$ cat start.pdb   # PDB, C-alpha atoms and all ligand atoms
ATOM      1  CA  MET K 198     111.303  54.027 153.144
ATOM      2  CA  THR K 199     107.641  54.197 152.150
ATOM      3  CA  ALA K 200     106.086  51.407 150.114
ATOM      4  CA  LYS K 201     102.714  49.777 149.398
ATOM      5  CA  ARG K 202     102.578  46.205 148.239
ATOM      6  CA  TRP K 203     100.043  44.571 145.965
ATOM      7  CA  HIS K 204      99.872  40.993 144.829
ATOM      8  CA  GLY K 205     102.147  41.347 141.784
ATOM      9  CA  GLY K 206     104.429  44.184 142.799
ATOM     10  CA  GLU K 207     105.038  47.264 144.827
ATOM     11  CA  LEU K 208     104.628  51.033 144.902
ATOM     12  CA  ARG K 209     107.680  52.779 146.318
ATOM     13  CA  TRP K 210     107.905  56.442 147.239
ATOM     14  CA  ASP K 211     110.845  58.308 145.681
ATOM     15  CA  HIS K 212     111.936  60.728 148.396
ATOM     16  CA  HIS K 213     113.944  62.790 145.906
ATOM     17  CA  SER K 214     111.249  63.414 143.326
ATOM     18  CA  GLY K 215     108.314  63.248 145.736
ATOM     19  CA  GLU K 216     106.556  60.819 143.395
ATOM     20  CA  TRP K 217     105.506  57.182 143.452
ATOM     21  CA  THR K 218     107.329  54.510 141.451
ATOM     22  CA  VAL K 219     105.629  51.264 140.361
ATOM     23  CA  LEU K 220     107.640  48.043 140.512
ATOM     24  CA  ALA K 221     105.894  45.385 138.422
ATOM     25  CA  PRO K 222     108.497  42.699 137.619
ATOM     26  CA  GLY K 223     105.781  40.432 136.164
ATOM     27  CA  ARG K 224     105.378  42.835 133.234
ATOM     28  CA  ALA K 225     108.822  41.832 131.968
ATOM     29  CA  GLY K 226     107.177  38.595 130.795
ATOM     30  CA  ARG K 227     104.747  40.360 128.452
ATOM     31  CA  PRO K 228     104.718  38.787 124.988
ATOM     32  CA  HIS K 229     106.262  41.183 122.465
ATOM     33  CA  GLY K 230     105.347  40.445 118.871
ATOM     34  CA  ALA K 231     103.729  37.111 119.785
ATOM     35  CA  VAL K 232     103.030  34.871 116.774
ATOM     36  CA  THR K 233      99.528  33.967 117.990
ATOM     37  CA  CYS K 234      97.480  36.902 119.217
ATOM     38  CA  PRO K 235      95.911  36.072 122.616
ATOM     39  CA  PHE K 236      93.142  38.672 122.067
ATOM     40  CA  CYS K 237      91.890  37.377 118.690
ATOM     41  CA  PRO K 238      88.831  35.115 118.989
ATOM     42  CA  GLY K 239      89.536  31.541 118.022
ATOM     43  CA  PRO K 240      91.669  28.613 119.130
ATOM     44  CA  GLY K 241      94.646  30.863 120.019
ATOM     45  CA  GLU K 242      92.584  33.074 122.325
ATOM     46  CA  ASP K 243      94.300  33.166 125.695
ATOM     47  CA  THR K 244      93.082  35.600 128.361
ATOM     48  CA  PRO K 245      91.983  35.349 132.003
ATOM     49  CA  PRO K 246      88.189  34.873 132.388
ATOM     50  CA  GLU K 247      86.373  37.979 131.147
ATOM     51  CA  THR K 248      84.782  40.459 133.560
ATOM     52  CA  TRP K 249      82.497  42.117 131.002
ATOM     53  CA  ARG K 250      81.439  41.789 127.387
ATOM     54  CA  LEU K 251      79.457  43.709 124.805
ATOM     55  CA  PRO K 252      77.762  40.817 123.040
ATOM     56  CA  ASP K 253      77.515  40.525 119.296
ATOM     57  CA  PRO K 254      74.065  39.589 117.953
ATOM     58  CA  GLY K 255      75.733  36.637 116.203
ATOM     59  CA  GLY K 256      76.676  35.055 119.536
ATOM     60  CA  GLY K 257      80.239  36.343 119.832
ATOM     61  CA  TRP K 258      81.450  39.610 121.309
ATOM     62  CA  ARG K 259      82.043  43.119 120.043
ATOM     63  CA  MET K 260      84.123  44.191 123.061
ATOM     64  CA  ARG K 261      85.243  42.521 126.240
ATOM     65  CA  ALA K 262      87.153  43.296 129.419
ATOM     66  CA  VAL K 263      89.591  40.883 131.067
ATOM     67  CA  PRO K 264      91.983  41.226 134.025
ATOM     68  CA  ASN K 265      95.459  42.250 132.866
ATOM     69  CA  ARG K 266      97.724  39.240 133.214
ATOM     70  CA  TYR K 267     100.700  41.590 133.617
ATOM     71  CA  ALA K 268      99.074  43.952 136.093
ATOM     72  CA  LEU K 269     100.317  47.369 137.243
ATOM     73  CA  SER K 270      98.139  47.232 140.389
ATOM     74  CA  ASP K 271      95.489  45.086 142.094
ATOM     75  CA  HIS K 272      92.899  46.699 139.793
ATOM     76  CA  HIS K 273      94.091  46.456 136.196
ATOM     77  CA  GLU K 274      91.865  45.481 133.273
ATOM     78  CA  VAL K 275      92.315  45.328 129.543
ATOM     79  CA  VAL K 276      89.419  46.384 127.319
ATOM     80  CA  ILE K 277      89.713  44.421 124.057
ATOM     81  CA  GLU K 278      88.137  46.926 121.701
ATOM     82  CA  SER K 279      87.196  44.678 118.794
ATOM     83  CA  PRO K 280      87.433  41.033 117.743
ATOM     84  CA  ASP K 281      89.110  42.373 114.554
ATOM     85  CA  HIS K 282      92.897  42.489 114.993
ATOM     86  CA  GLY K 283      93.166  45.240 112.368
ATOM     87  CA  TRP K 284      90.497  47.530 113.847
ATOM     88  CA  ASP K 285      91.718  51.064 114.520
ATOM     89  CA  LEU K 286      89.963  53.782 116.538
ATOM     90  CA  ALA K 287      91.231  56.285 113.961
ATOM     91  CA  MET K 288      89.201  54.451 111.290
ATOM     92  CA  ALA K 289      86.179  53.649 113.463
ATOM     93  CA  THR K 290      82.586  54.699 112.895
ATOM     94  CA  ASP K 291      80.931  57.155 115.284
ATOM     95  CA  ALA K 292      78.905  54.248 116.739
ATOM     96  CA  GLU K 293      82.032  52.168 117.400
ATOM     97  CA  ALA K 294      83.928  55.069 118.999
ATOM     98  CA  THR K 295      80.915  55.916 121.186
ATOM     99  CA  ALA K 296      80.577  52.274 122.266
ATOM    100  CA  LEU K 297      84.238  52.301 123.312
ATOM    101  CA  LEU K 298      83.808  55.431 125.444
ATOM    102  CA  LYS K 299      80.739  53.843 127.049
ATOM    103  CA  ALA K 300      82.812  50.736 127.828
ATOM    104  CA  TRP K 301      85.492  52.938 129.434
ATOM    105  CA  GLN K 302      82.812  54.630 131.562
ATOM    106  CA  HIS K 303      81.454  51.267 132.685
ATOM    107  CA  ARG K 304      84.810  49.739 133.554
ATOM    108  CA  HIS K 305      85.943  52.986 135.261
ATOM    109  CA  LEU K 306      82.888  52.757 137.537
ATOM    110  CA  MET K 307      83.411  49.046 138.214
ATOM    111  CA  THR K 308      87.105  49.610 139.080
ATOM    112  CA  ARG K 309      86.578  52.497 141.482
ATOM    113  CA  ALA K 310      85.960  50.667 144.774
ATOM    114  CA  GLY K 311      89.067  50.575 146.960
ATOM    115  CA  THR K 312      91.150  52.898 144.756
ATOM    116  CA  ALA K 313      92.395  56.470 145.138
ATOM    117  CA  GLN K 314      92.266  57.154 141.404
ATOM    118  CA  VAL K 315      91.312  55.296 138.227
ATOM    119  CA  LEU K 316      93.208  55.833 134.994
ATOM    120  CA  VAL K 317      91.865  54.893 131.583
ATOM    121  CA  PHE K 318      94.366  55.026 128.785
ATOM    122  CA  ARG K 319      95.158  53.667 125.359
ATOM    123  CA  ASN K 320      98.691  53.108 124.065
ATOM    124  CA  HIS K 321      98.961  53.003 120.281
ATOM    125  CA  GLY K 322     102.194  51.776 118.681
ATOM    126  CA  GLU K 323     105.333  50.280 120.169
ATOM    127  CA  ALA K 324     106.924  53.679 120.826
ATOM    128  CA  ALA K 325     103.900  54.443 123.031
ATOM    129  CA  GLY K 326     104.545  51.347 125.109
ATOM    130  CA  THR K 327     102.154  48.798 123.684
ATOM    131  CA  SER K 328     103.316  45.172 123.596
ATOM    132  CA  LEU K 329     100.316  43.726 121.719
ATOM    133  CA  SER K 330      99.076  45.264 118.491
ATOM    134  CA  HIS K 331      95.496  43.977 118.915
ATOM    135  CA  PRO K 332      93.418  47.122 119.613
ATOM    136  CA  HIS K 333      92.980  47.483 123.350
ATOM    137  CA  SER K 334      92.847  50.013 126.155
ATOM    138  CA  GLN K 335      93.523  49.725 129.858
ATOM    139  CA  VAL K 336      91.814  50.626 133.119
ATOM    140  CA  VAL K 337      94.068  50.888 136.184
ATOM    141  CA  GLY K 338      92.993  51.685 139.729
ATOM    142  CA  LEU K 339      95.796  52.974 141.952
ATOM    143  CA  PRO K 340      95.710  52.850 145.783
ATOM    144  CA  VAL K 341      97.430  56.266 146.002
ATOM    145  CA  LEU K 342      97.174  59.703 144.381
ATOM    146  CA  SER K 343     100.289  60.495 142.378
ATOM    147  CA  ALA K 344     102.103  63.723 143.291
ATOM    148  CA  ALA K 345     101.301  64.984 139.783
ATOM    149  CA  THR K 346      97.579  64.385 140.389
ATOM    150  CA  GLN K 347      97.774  66.116 143.770
ATOM    151  CA  ARG K 348      99.432  69.133 142.173
ATOM    152  CA  GLU K 349      96.701  69.302 139.497
ATOM    153  CA  LEU K 350      94.071  69.136 142.240
ATOM    154  CA  ALA K 351      95.733  71.940 144.203
ATOM    155  CA  VAL K 352      96.005  74.183 141.116
ATOM    156  CA  ALA K 353      92.352  73.602 140.167
ATOM    157  CA  ARG K 354      91.135  74.167 143.706
ATOM    158  CA  GLU K 355      93.156  77.359 144.232
ATOM    159  CA  HIS K 356      91.852  78.752 140.961
ATOM    160  CA  TYR K 357      88.277  77.956 141.903
ATOM    161  CA  ASP K 358      88.643  79.412 145.392
ATOM    162  CA  ALA K 359      90.038  82.642 143.937
ATOM    163  CA  THR K 360      87.583  83.040 141.045
ATOM    164  CA  THR K 361      84.593  80.700 141.695
ATOM    165  CA  ARG K 362      85.140  79.549 138.085
ATOM    166  CA  PRO K 363      86.441  76.076 137.161
ATOM    167  CA  LEU K 364      89.835  76.337 135.486
ATOM    168  CA  ALA K 365      88.870  74.069 132.571
ATOM    169  CA  VAL K 366      85.790  76.207 131.830
ATOM    170  CA  GLU K 367      87.919  79.357 131.673
ATOM    171  CA  LEU K 368      90.556  77.664 129.532
ATOM    172  CA  LEU K 369      87.964  76.426 127.029
ATOM    173  CA  ALA K 370      86.233  79.815 126.899
ATOM    174  CA  GLY K 371      89.604  81.447 126.240
ATOM    175  CA  GLU K 372      90.459  78.975 123.488
ATOM    176  CA  LEU K 373      87.060  79.422 121.809
ATOM    177  CA  ALA K 374      87.338  83.228 121.966
ATOM    178  CA  HIS K 375      90.872  83.140 120.589
ATOM    179  CA  GLY K 376      90.240  80.431 117.998
ATOM    180  CA  GLU K 377      93.784  79.927 116.757
ATOM    181  CA  ARG K 378      94.299  76.614 118.561
ATOM    182  CA  ILE K 379      90.811  75.176 117.948
ATOM    183  CA  VAL K 380      91.084  71.991 115.877
ATOM    184  CA  LEU K 381      87.446  70.924 115.695
ATOM    185  CA  SER K 382      84.212  71.968 117.374
ATOM    186  CA  HIS K 383      81.199  69.679 117.112
ATOM    187  CA  GLY K 384      78.108  70.170 119.267
ATOM    188  CA  GLN K 385      78.993  69.270 122.825
ATOM    189  CA  ALA K 386      82.709  68.607 122.244
ATOM    190  CA  VAL K 387      85.748  70.669 121.232
ATOM    191  CA  ALA K 388      89.309  69.671 120.312
ATOM    192  CA  PHE K 389      92.158  72.133 120.689
ATOM    193  CA  THR K 390      95.953  72.130 120.963
ATOM    194  CA  PRO K 391      96.978  73.408 124.410
ATOM    195  CA  PHE K 392      98.792  76.752 124.818
ATOM    196  CA  ALA K 393     101.683  74.932 126.556
ATOM    197  CA  PRO K 394     101.810  71.421 125.085
ATOM    198  CA  ALA K 395     103.589  68.458 126.664
ATOM    199  CA  ALA K 396     104.377  66.977 123.229
ATOM    200  CA  ASN K 397     104.327  67.860 119.539
ATOM    201  CA  PHE K 398     100.710  67.780 118.285
ATOM    202  CA  GLU K 399      99.206  67.248 121.735
ATOM    203  CA  VAL K 400      95.416  67.559 121.387
ATOM    204  CA  ARG K 401      92.831  67.896 124.156
ATOM    205  CA  VAL K 402      89.249  66.837 123.569
ATOM    206  CA  VAL K 403      86.882  68.423 126.080
ATOM    207  CA  PRO K 404      83.115  68.391 126.615
ATOM    208  CA  THR K 405      81.434  71.811 126.548
ATOM    209  CA  ARG K 406      79.491  70.960 129.743
ATOM    210  CA  HIS K 407      81.955  70.883 132.594
ATOM    211  CA  HIS K 408      81.793  68.013 135.094
ATOM    212  CA  ALA K 409      84.451  66.417 137.303
ATOM    213  CA  ASP K 410      83.440  62.824 136.595
ATOM    214  CA  PHE K 411      83.909  61.118 133.229
ATOM    215  CA  CYS K 412      81.300  58.558 134.289
ATOM    216  CA  ALA K 413      78.693  61.330 134.630
ATOM    217  CA  ALA K 414      78.870  62.224 130.916
ATOM    218  CA  SER K 415      75.536  61.717 129.143
ATOM    219  CA  PRO K 416      75.171  59.492 126.074
ATOM    220  CA  ALA K 417      74.882  62.606 123.860
ATOM    221  CA  GLU K 418      78.051  64.110 125.334
ATOM    222  CA  LEU K 419      79.929  60.849 124.884
ATOM    223  CA  ALA K 420      78.770  60.627 121.271
ATOM    224  CA  ALA K 421      80.028  64.161 120.560
ATOM    225  CA  VAL K 422      83.374  63.524 122.269
ATOM    226  CA  ALA K 423      83.724  60.173 120.462
ATOM    227  CA  HIS K 424      83.098  61.856 117.093
ATOM    228  CA  VAL K 425      85.679  64.581 117.710
ATOM    229  CA  LEU K 426      88.183  62.058 119.070
ATOM    230  CA  ARG K 427      88.003  59.725 116.078
ATOM    231  CA  ILE K 428      88.213  62.598 113.583
ATOM    232  CA  VAL K 429      91.312  64.001 115.317
ATOM    233  CA  LEU K 430      92.888  60.528 115.374
ATOM    234  CA  ALA K 431      92.028  60.081 111.681
ATOM    235  CA  ALA K 432      93.700  63.416 110.905
ATOM    236  CA  LEU K 433      96.820  62.464 112.891
ATOM    237  CA  ARG K 434      96.874  59.112 111.102
ATOM    238  CA  ILE K 435      96.797  60.801 107.681
ATOM    239  CA  GLY K 436      99.035  63.759 108.504
ATOM    240  CA  LEU K 437     101.692  62.019 110.584
ATOM    241  CA  VAL K 438     101.396  58.523 109.016
ATOM    242  CA  ASP K 439      99.866  56.567 111.899
ATOM    243  CA  PRO K 440     101.971  58.010 114.727
ATOM    244  CA  PRO K 441     102.340  56.247 118.088
ATOM    245  CA  TYR K 442     100.341  58.010 120.787
ATOM    246  CA  ASN K 443      99.039  57.745 124.329
ATOM    247  CA  LEU K 444      95.400  58.653 124.890
ATOM    248  CA  ILE K 445      94.468  59.443 128.505
ATOM    249  CA  VAL K 446      91.079  60.010 130.123
ATOM    250  CA  HIS K 447      91.421  62.664 132.829
ATOM    251  CA  SER K 448      88.725  62.315 135.474
ATOM    252  CA  ALA K 449      88.297  63.177 139.153
ATOM    253  CA  PRO K 450      90.018  60.965 141.740
ATOM    254  CA  THR K 451      87.798  58.606 143.705
ATOM    255  CA  GLY K 452      85.594  60.507 146.157
ATOM    256  CA  LEU K 453      85.951  63.851 144.334
ATOM    257  CA  GLU K 454      83.448  63.085 141.541
ATOM    258  CA  GLN K 455      81.095  65.874 142.611
ATOM    259  CA  VAL K 456      83.539  68.715 143.310
ATOM    260  CA  PRO K 457      82.924  71.894 141.277
ATOM    261  CA  TYR K 458      86.567  72.681 140.516
ATOM    262  CA  LEU K 459      87.613  69.612 138.482
ATOM    263  CA  SER K 460      86.707  68.651 134.902
ATOM    264  CA  TRP K 461      87.030  65.494 132.851
ATOM    265  CA  TRP K 462      88.671  65.583 129.416
ATOM    266  CA  LEU K 463      90.739  63.497 127.035
ATOM    267  CA  ARG K 464      94.348  64.031 126.141
ATOM    268  CA  ILE K 465      96.097  62.727 123.001
ATOM    269  CA  LEU K 466      99.884  62.729 123.320
ATOM    270  CA  PRO K 467     101.647  61.686 120.089
ATOM    271  CA  ARG K 468     105.020  60.075 120.757
ATOM    272  CA  LEU K 469     107.117  61.564 117.983
ATOM    273  CA  SER K 470     110.349  62.018 119.962
ATOM    274  CA  VAL K 471     112.102  60.464 122.931
ATOM    275  CA  PRO K 472     112.402  62.599 126.091
ATOM    276  CA  ALA K 473     116.036  63.721 126.310
ATOM    277  CA  GLY K 474     118.334  65.265 128.912
ATOM    278  CA  LEU K 475     116.510  68.518 129.618
ATOM    279  CA  GLU K 476     113.112  66.809 129.918
ATOM    280  CA  LEU K 477     114.499  64.098 132.185
ATOM    281  CA  ALA K 478     116.506  66.534 134.304
ATOM    282  CA  THR K 479     113.724  69.030 134.848
ATOM    283  CA  GLY K 480     110.419  67.450 133.823
ATOM    284  CA  VAL K 481     110.012  70.380 131.410
ATOM    285  CA  PRO K 482     108.719  69.139 128.029
ATOM    286  CA  VAL K 483     110.241  70.419 124.795
ATOM    287  CA  SER K 484     108.103  70.749 121.632
ATOM    288  CA  THR K 485     109.445  71.605 118.207
ATOM    289  CA  VAL K 486     106.030  72.352 116.691
ATOM    290  CA  THR K 487     104.049  75.265 118.112
ATOM    291  CA  PRO K 488     100.463  74.425 119.101
ATOM    292  CA  GLU K 489      99.249  77.199 116.773
ATOM    293  CA  ASP K 490     101.016  75.547 113.821
ATOM    294  CA  ALA K 491      99.853  72.087 114.938
ATOM    295  CA  ALA K 492      96.212  73.244 115.068
ATOM    296  CA  GLU K 493      96.445  74.788 111.595
ATOM    297  CA  ARG K 494      97.907  71.591 110.154
ATOM    298  CA  LEU K 495      95.328  69.424 111.934
ATOM    299  CA  ARG K 496      92.496  71.574 110.543
ATOM    300  CA  ALA K 497      93.933  71.154 107.041
ATOM    301  CA  TRP K 498      94.234  67.378 107.470
ATOM    302  CA  ILE K 499      90.643  67.212 108.712
ATOM    303  CA  ALA K 500      89.497  69.255 105.704
ATOM    304  CA  GLY K 501      91.223  66.716 103.465
ATOM    305  CA  LEU K 502      89.612  63.640 105.001
ATOM    306  CA  GLU K 503      87.445  61.604 102.676
ATOM    307  CA  PRO K 504      83.715  62.439 102.843
ATOM    308  CA  ASP K 505      82.932  58.957 104.185
ATOM    309  CA  VAL K 506      85.213  59.654 107.169
ATOM    310  CA  ILE K 507      83.197  62.727 108.091
ATOM    311  CA  PRO K 508      79.550  62.016 107.253
ATOM    312  CA  PRO K 509      77.470  65.055 106.253
ATOM    313  CA  PRO K 510      75.286  66.464 109.028
ATOM    314  CA  PRO K 511      71.834  64.856 109.181
ATOM    315  CA  PRO K 512      69.095  66.736 107.229
TER     316      PRO K 512
HETATM  317 ZN    ZN K 601      94.532  39.910 117.651
END

$ encode --input "start.pdb" --output "structure tokens"
Amino acid sequence: MTAKRWHGGELRWDHHSGEWTVLAPGRAGRPHGAVTCPFCPGPGEDTPPETWRLPDPGGGWRMRAVPNRYALSDHHEVVIESPDHGWDLAMATDAEATALLKAWQHRHLMTRAGTAQVLVFRNHGEAAGTSLSHPHSQVVGLPVLSAATQRELAVAREHYDATTRPLAVELLAGELAHGERIVLSHGQAVAFTPFAPAANFEVRVVPTRHHADFCAASPAELAAVAHVLRIVLAALRIGLVDPPYNLIVHSAPTGLEQVPYLSWWLRILPRLSVPAGLELATGVPVSTVTPEDAAERLRAWIAGLEPDVIPPPPP
């Protein structure tokens, strides 16, 4: 039996699946549908002492990070994205979305020490696993590499060794040449639906300059990615009526930030159905919407967004 303990739980190795399992019994105590929101500023505010804040000129805060009270590992933070309970990344301004990506970069860097990989993700809606509706994202450092991450690494490395081209660069070039699955292209960022999606309406947002490390993205790259991300989320919100989704930042594991064969990118996985027997038995996802159809519908929804959602290009 292989296991690694941390202060609030345990990682156990599943010998059948060849994958880690997290046991975090403390998370059962998470408040679901709490009457008083612990993340809203005011007398009901109830969080562990903050580790970071983006101050507001008025003396309050615009964003803050706090340790997760119901942690999934020894390194687990919550980024509270706004003091406004009703704020939504899908309705954010470019400046707000860019500030959030910068916060993720910062907390990713600060979480790295002593971990094998750092995950940044955002769960939107109860079906995507969120227990608190106040807008927030999470930064988790794991002491191990998951088997899924190791397989991704092996695939990327083999491809690079065989071709001397990073896989993500070739995939993006292929998508741009083909065009059918491109959702939005804006300066240094592109959104497309993947050829083999893991969910209906899966969208990937990638920078045009390939780099393994999310934290190495420049301010201009982050701004472009933030713009594309919020527009895609706005389109999903309009077209699919505020669907639940998981948003994941893919970045190199700790210590591999400089390798030439990995790339960072964002993945939006709408949660429109529950994984059923075939998916659970085999790990093979089933989608009922083709990515070509999804891209066409997303482009139409983007075209229909109000002009104030997509500001005109500067003169
Ligand atoms: Zn709140």

$ closest_residue --input "start.pdb" --among "K:His321, K:Arg209, K:Arg224, K:His333" --to "ligand ZN 601 (chain K)" --atoms "only C-alpha atoms and all ligand atoms"
K:His333

$ residues_near_ligand --input "start.pdb" --ligand "ligand ZN 601 (chain K)" --cutoff "12 Å" --atoms "all atoms listed in the file" --output "number ranges by chain"
K: 230-244, 277-285, 328-333

$ residues_around --input "start.pdb" --residues "stretch 339-345 of chain K" --least-positions-apart "2" --cutoff "9 Å" --atoms "all atoms listed in the file" --output "list in words"
Lys201, Leu208, Gly215, Glu216, Trp217, Leu269, Ser270, Asp271, His272, His273, Gly311, Thr312, Ala313, Gln314, Val315, Leu316, Val337, Gln347, Arg348, Glu349, Leu350 and Pro450 of chain K

$ closest_residue --input "start.pdb" --among "K:Val387, K:Ala414, K:Ala351, K:Leu298" --to "K:Leu368" --atoms "all atoms listed in the file"
K:Val387

$ resolve_selection --input "start.pdb" --expression "the PyMOL selection byres (((chain K and resi 408-410) around 6) and not hetatm)" --output "PyMOL selection string"
chain K and resi 407+411-413+448-449+454+459-461

$ closest_residue --input "start.pdb" --among "K:Val275, K:Val429, K:Arg319, K:Leu466" --to "K:Val380" --atoms "only C-alpha atoms"
K:Val429

$ closest_residue --input "start.pdb" --among "K:Thr248, K:Asn397, K:Thr487, K:Thr327" --to "K:Leu437" --atoms "only C-alpha atoms"
K:Asn397

$ residues_around --input "start.pdb" --residues "K:Ala500" --least-positions-apart "6" --cutoff "12 Å" --atoms "all atoms listed in the file" --output "PyMOL selection string"
chain K and resi 380-381+428-429+431-432+435-436+493-494+506-507

$ atom_distance --input "start.pdb" --atom1 "atom CA of K:Asp490" --atom2 "atom CA of K:Glu323"
26.4 Å

$ resolve_selection --input "start.pdb" --expression "the PyMOL selection byres (((chain K and resi 430) around 12) and not hetatm)" --output "number ranges by chain"
K: 285-289, 294, 321, 380-381, 388, 398-402, 423-429, 431-444, 464-467, 495, 498-499, 502, 506

$ closest_residue --input "start.pdb" --among "K:Leu369, K:Leu475, K:Tyr458, K:Gly338" --to "K:His356" --atoms "all atoms listed in the file"
K:Tyr458

$ residues_around --input "start.pdb" --residues "K:Arg378" --least-positions-apart "5" --cutoff "9 Å" --atoms "all atoms listed in the file" --output "list in words"
Glu372, Leu373, Ala388, Phe389, Thr390, Pro391, Phe392, Pro488, Glu489, Asp490, Ala491, Ala492 and Glu493 of chain K

$ atom_distance --input "start.pdb" --atom1 "atom CA of K:Val317" --atom2 "atom CA of K:Ala262"
12.7 Å

$ atom_distance --input "start.pdb" --atom1 "atom CA of K:Thr308" --atom2 "atom CA of K:Thr295"
20.0 Å

$ closest_residue --input "start.pdb" --among "K:Thr451, K:Ser484, K:Pro457, K:Ala325" --to "K:Ala310" --atoms "only C-alpha atoms"
K:Thr451

$ resolve_selection --input "start.pdb" --expression "the PyMOL selection byres (((chain K and resi 204) around 10) and not hetatm)" --output "VMD selection string"
chain K and resid 202 to 203 205 to 207 221 268 to 271

$ build_atoms --input "start.pdb" --residues "stretch 284-290 of chain K" --atoms "all heavy atoms" --output "PDB file, keeping the file's coordinate frame"
ATOM      1  N   TRP K 284      91.355  46.369 113.546  1.00  0.00           N
ATOM      2  CA  TRP K 284      90.497  47.530 113.847  1.00  0.00           C
ATOM      3  C   TRP K 284      91.348  48.664 114.397  1.00  0.00           C
ATOM      4  O   TRP K 284      92.334  48.441 115.096  1.00  0.00           O
ATOM      5  CB  TRP K 284      89.438  47.116 114.875  1.00  0.00           C
ATOM      6  CG  TRP K 284      88.397  48.158 115.153  1.00  0.00           C
ATOM      7  CD1 TRP K 284      87.272  48.422 114.435  1.00  0.00           C
ATOM      8  CD2 TRP K 284      88.378  49.075 116.264  1.00  0.00           C
ATOM      9  NE1 TRP K 284      86.560  49.433 115.024  1.00  0.00           N
ATOM     10  CE2 TRP K 284      87.225  49.865 116.136  1.00  0.00           C
ATOM     11  CE3 TRP K 284      89.231  49.321 117.348  1.00  0.00           C
ATOM     12  CZ2 TRP K 284      86.877  50.870 117.051  1.00  0.00           C
ATOM     13  CZ3 TRP K 284      88.906  50.324 118.253  1.00  0.00           C
ATOM     14  CH2 TRP K 284      87.740  51.076 118.109  1.00  0.00           C
ATOM     15  N   ASP K 285      90.961  49.904 114.059  1.00  0.00           N
ATOM     16  CA  ASP K 285      91.718  51.064 114.520  1.00  0.00           C
ATOM     17  C   ASP K 285      90.728  52.163 114.892  1.00  0.00           C
ATOM     18  O   ASP K 285      89.861  52.514 114.089  1.00  0.00           O
ATOM     19  CB  ASP K 285      92.656  51.530 113.400  1.00  0.00           C
ATOM     20  CG  ASP K 285      93.589  52.661 113.827  1.00  0.00           C
ATOM     21  OD1 ASP K 285      93.369  53.253 114.915  1.00  0.00           O
ATOM     22  OD2 ASP K 285      94.527  52.955 113.079  1.00  0.00           O
ATOM     23  N   LEU K 286      90.865  52.714 116.098  1.00  0.00           N
ATOM     24  CA  LEU K 286      89.963  53.782 116.538  1.00  0.00           C
ATOM     25  C   LEU K 286      89.979  54.959 115.567  1.00  0.00           C
ATOM     26  O   LEU K 286      88.968  55.635 115.370  1.00  0.00           O
ATOM     27  CB  LEU K 286      90.367  54.229 117.959  1.00  0.00           C
ATOM     28  CG  LEU K 286      89.544  55.313 118.632  1.00  0.00           C
ATOM     29  CD1 LEU K 286      88.049  54.988 118.639  1.00  0.00           C
ATOM     30  CD2 LEU K 286      90.047  55.556 120.063  1.00  0.00           C
ATOM     31  N   ALA K 287      91.126  55.179 114.922  1.00  0.00           N
ATOM     32  CA  ALA K 287      91.231  56.285 113.961  1.00  0.00           C
ATOM     33  C   ALA K 287      90.394  56.037 112.708  1.00  0.00           C
ATOM     34  O   ALA K 287      90.116  56.964 111.957  1.00  0.00           O
ATOM     35  CB  ALA K 287      92.694  56.493 113.564  1.00  0.00           C
ATOM     36  N   MET K 288      89.998  54.792 112.474  1.00  0.00           N
ATOM     37  CA  MET K 288      89.201  54.451 111.290  1.00  0.00           C
ATOM     38  C   MET K 288      87.796  54.013 111.686  1.00  0.00           C
ATOM     39  O   MET K 288      87.049  53.496 110.851  1.00  0.00           O
ATOM     40  CB  MET K 288      89.861  53.288 110.538  1.00  0.00           C
ATOM     41  CG  MET K 288      91.353  53.433 110.346  1.00  0.00           C
ATOM     42  SD  MET K 288      91.704  54.252 108.833  1.00  0.00           S
ATOM     43  CE  MET K 288      91.589  52.839 107.736  1.00  0.00           C
ATOM     44  N   ALA K 289      87.449  54.173 112.957  1.00  0.00           N
ATOM     45  CA  ALA K 289      86.179  53.649 113.463  1.00  0.00           C
ATOM     46  C   ALA K 289      85.003  54.495 113.000  1.00  0.00           C
ATOM     47  O   ALA K 289      85.172  55.637 112.566  1.00  0.00           O
ATOM     48  CB  ALA K 289      86.217  53.632 114.986  1.00  0.00           C
ATOM     49  N   THR K 290      83.806  53.926 113.099  1.00  0.00           N
ATOM     50  CA  THR K 290      82.586  54.699 112.895  1.00  0.00           C
ATOM     51  C   THR K 290      82.271  55.458 114.186  1.00  0.00           C
ATOM     52  O   THR K 290      82.810  55.142 115.260  1.00  0.00           O
ATOM     53  CB  THR K 290      81.400  53.782 112.574  1.00  0.00           C
ATOM     54  OG1 THR K 290      81.165  52.938 113.716  1.00  0.00           O
ATOM     55  CG2 THR K 290      81.667  52.916 111.356  1.00  0.00           C
TER      56      THR K 290
END
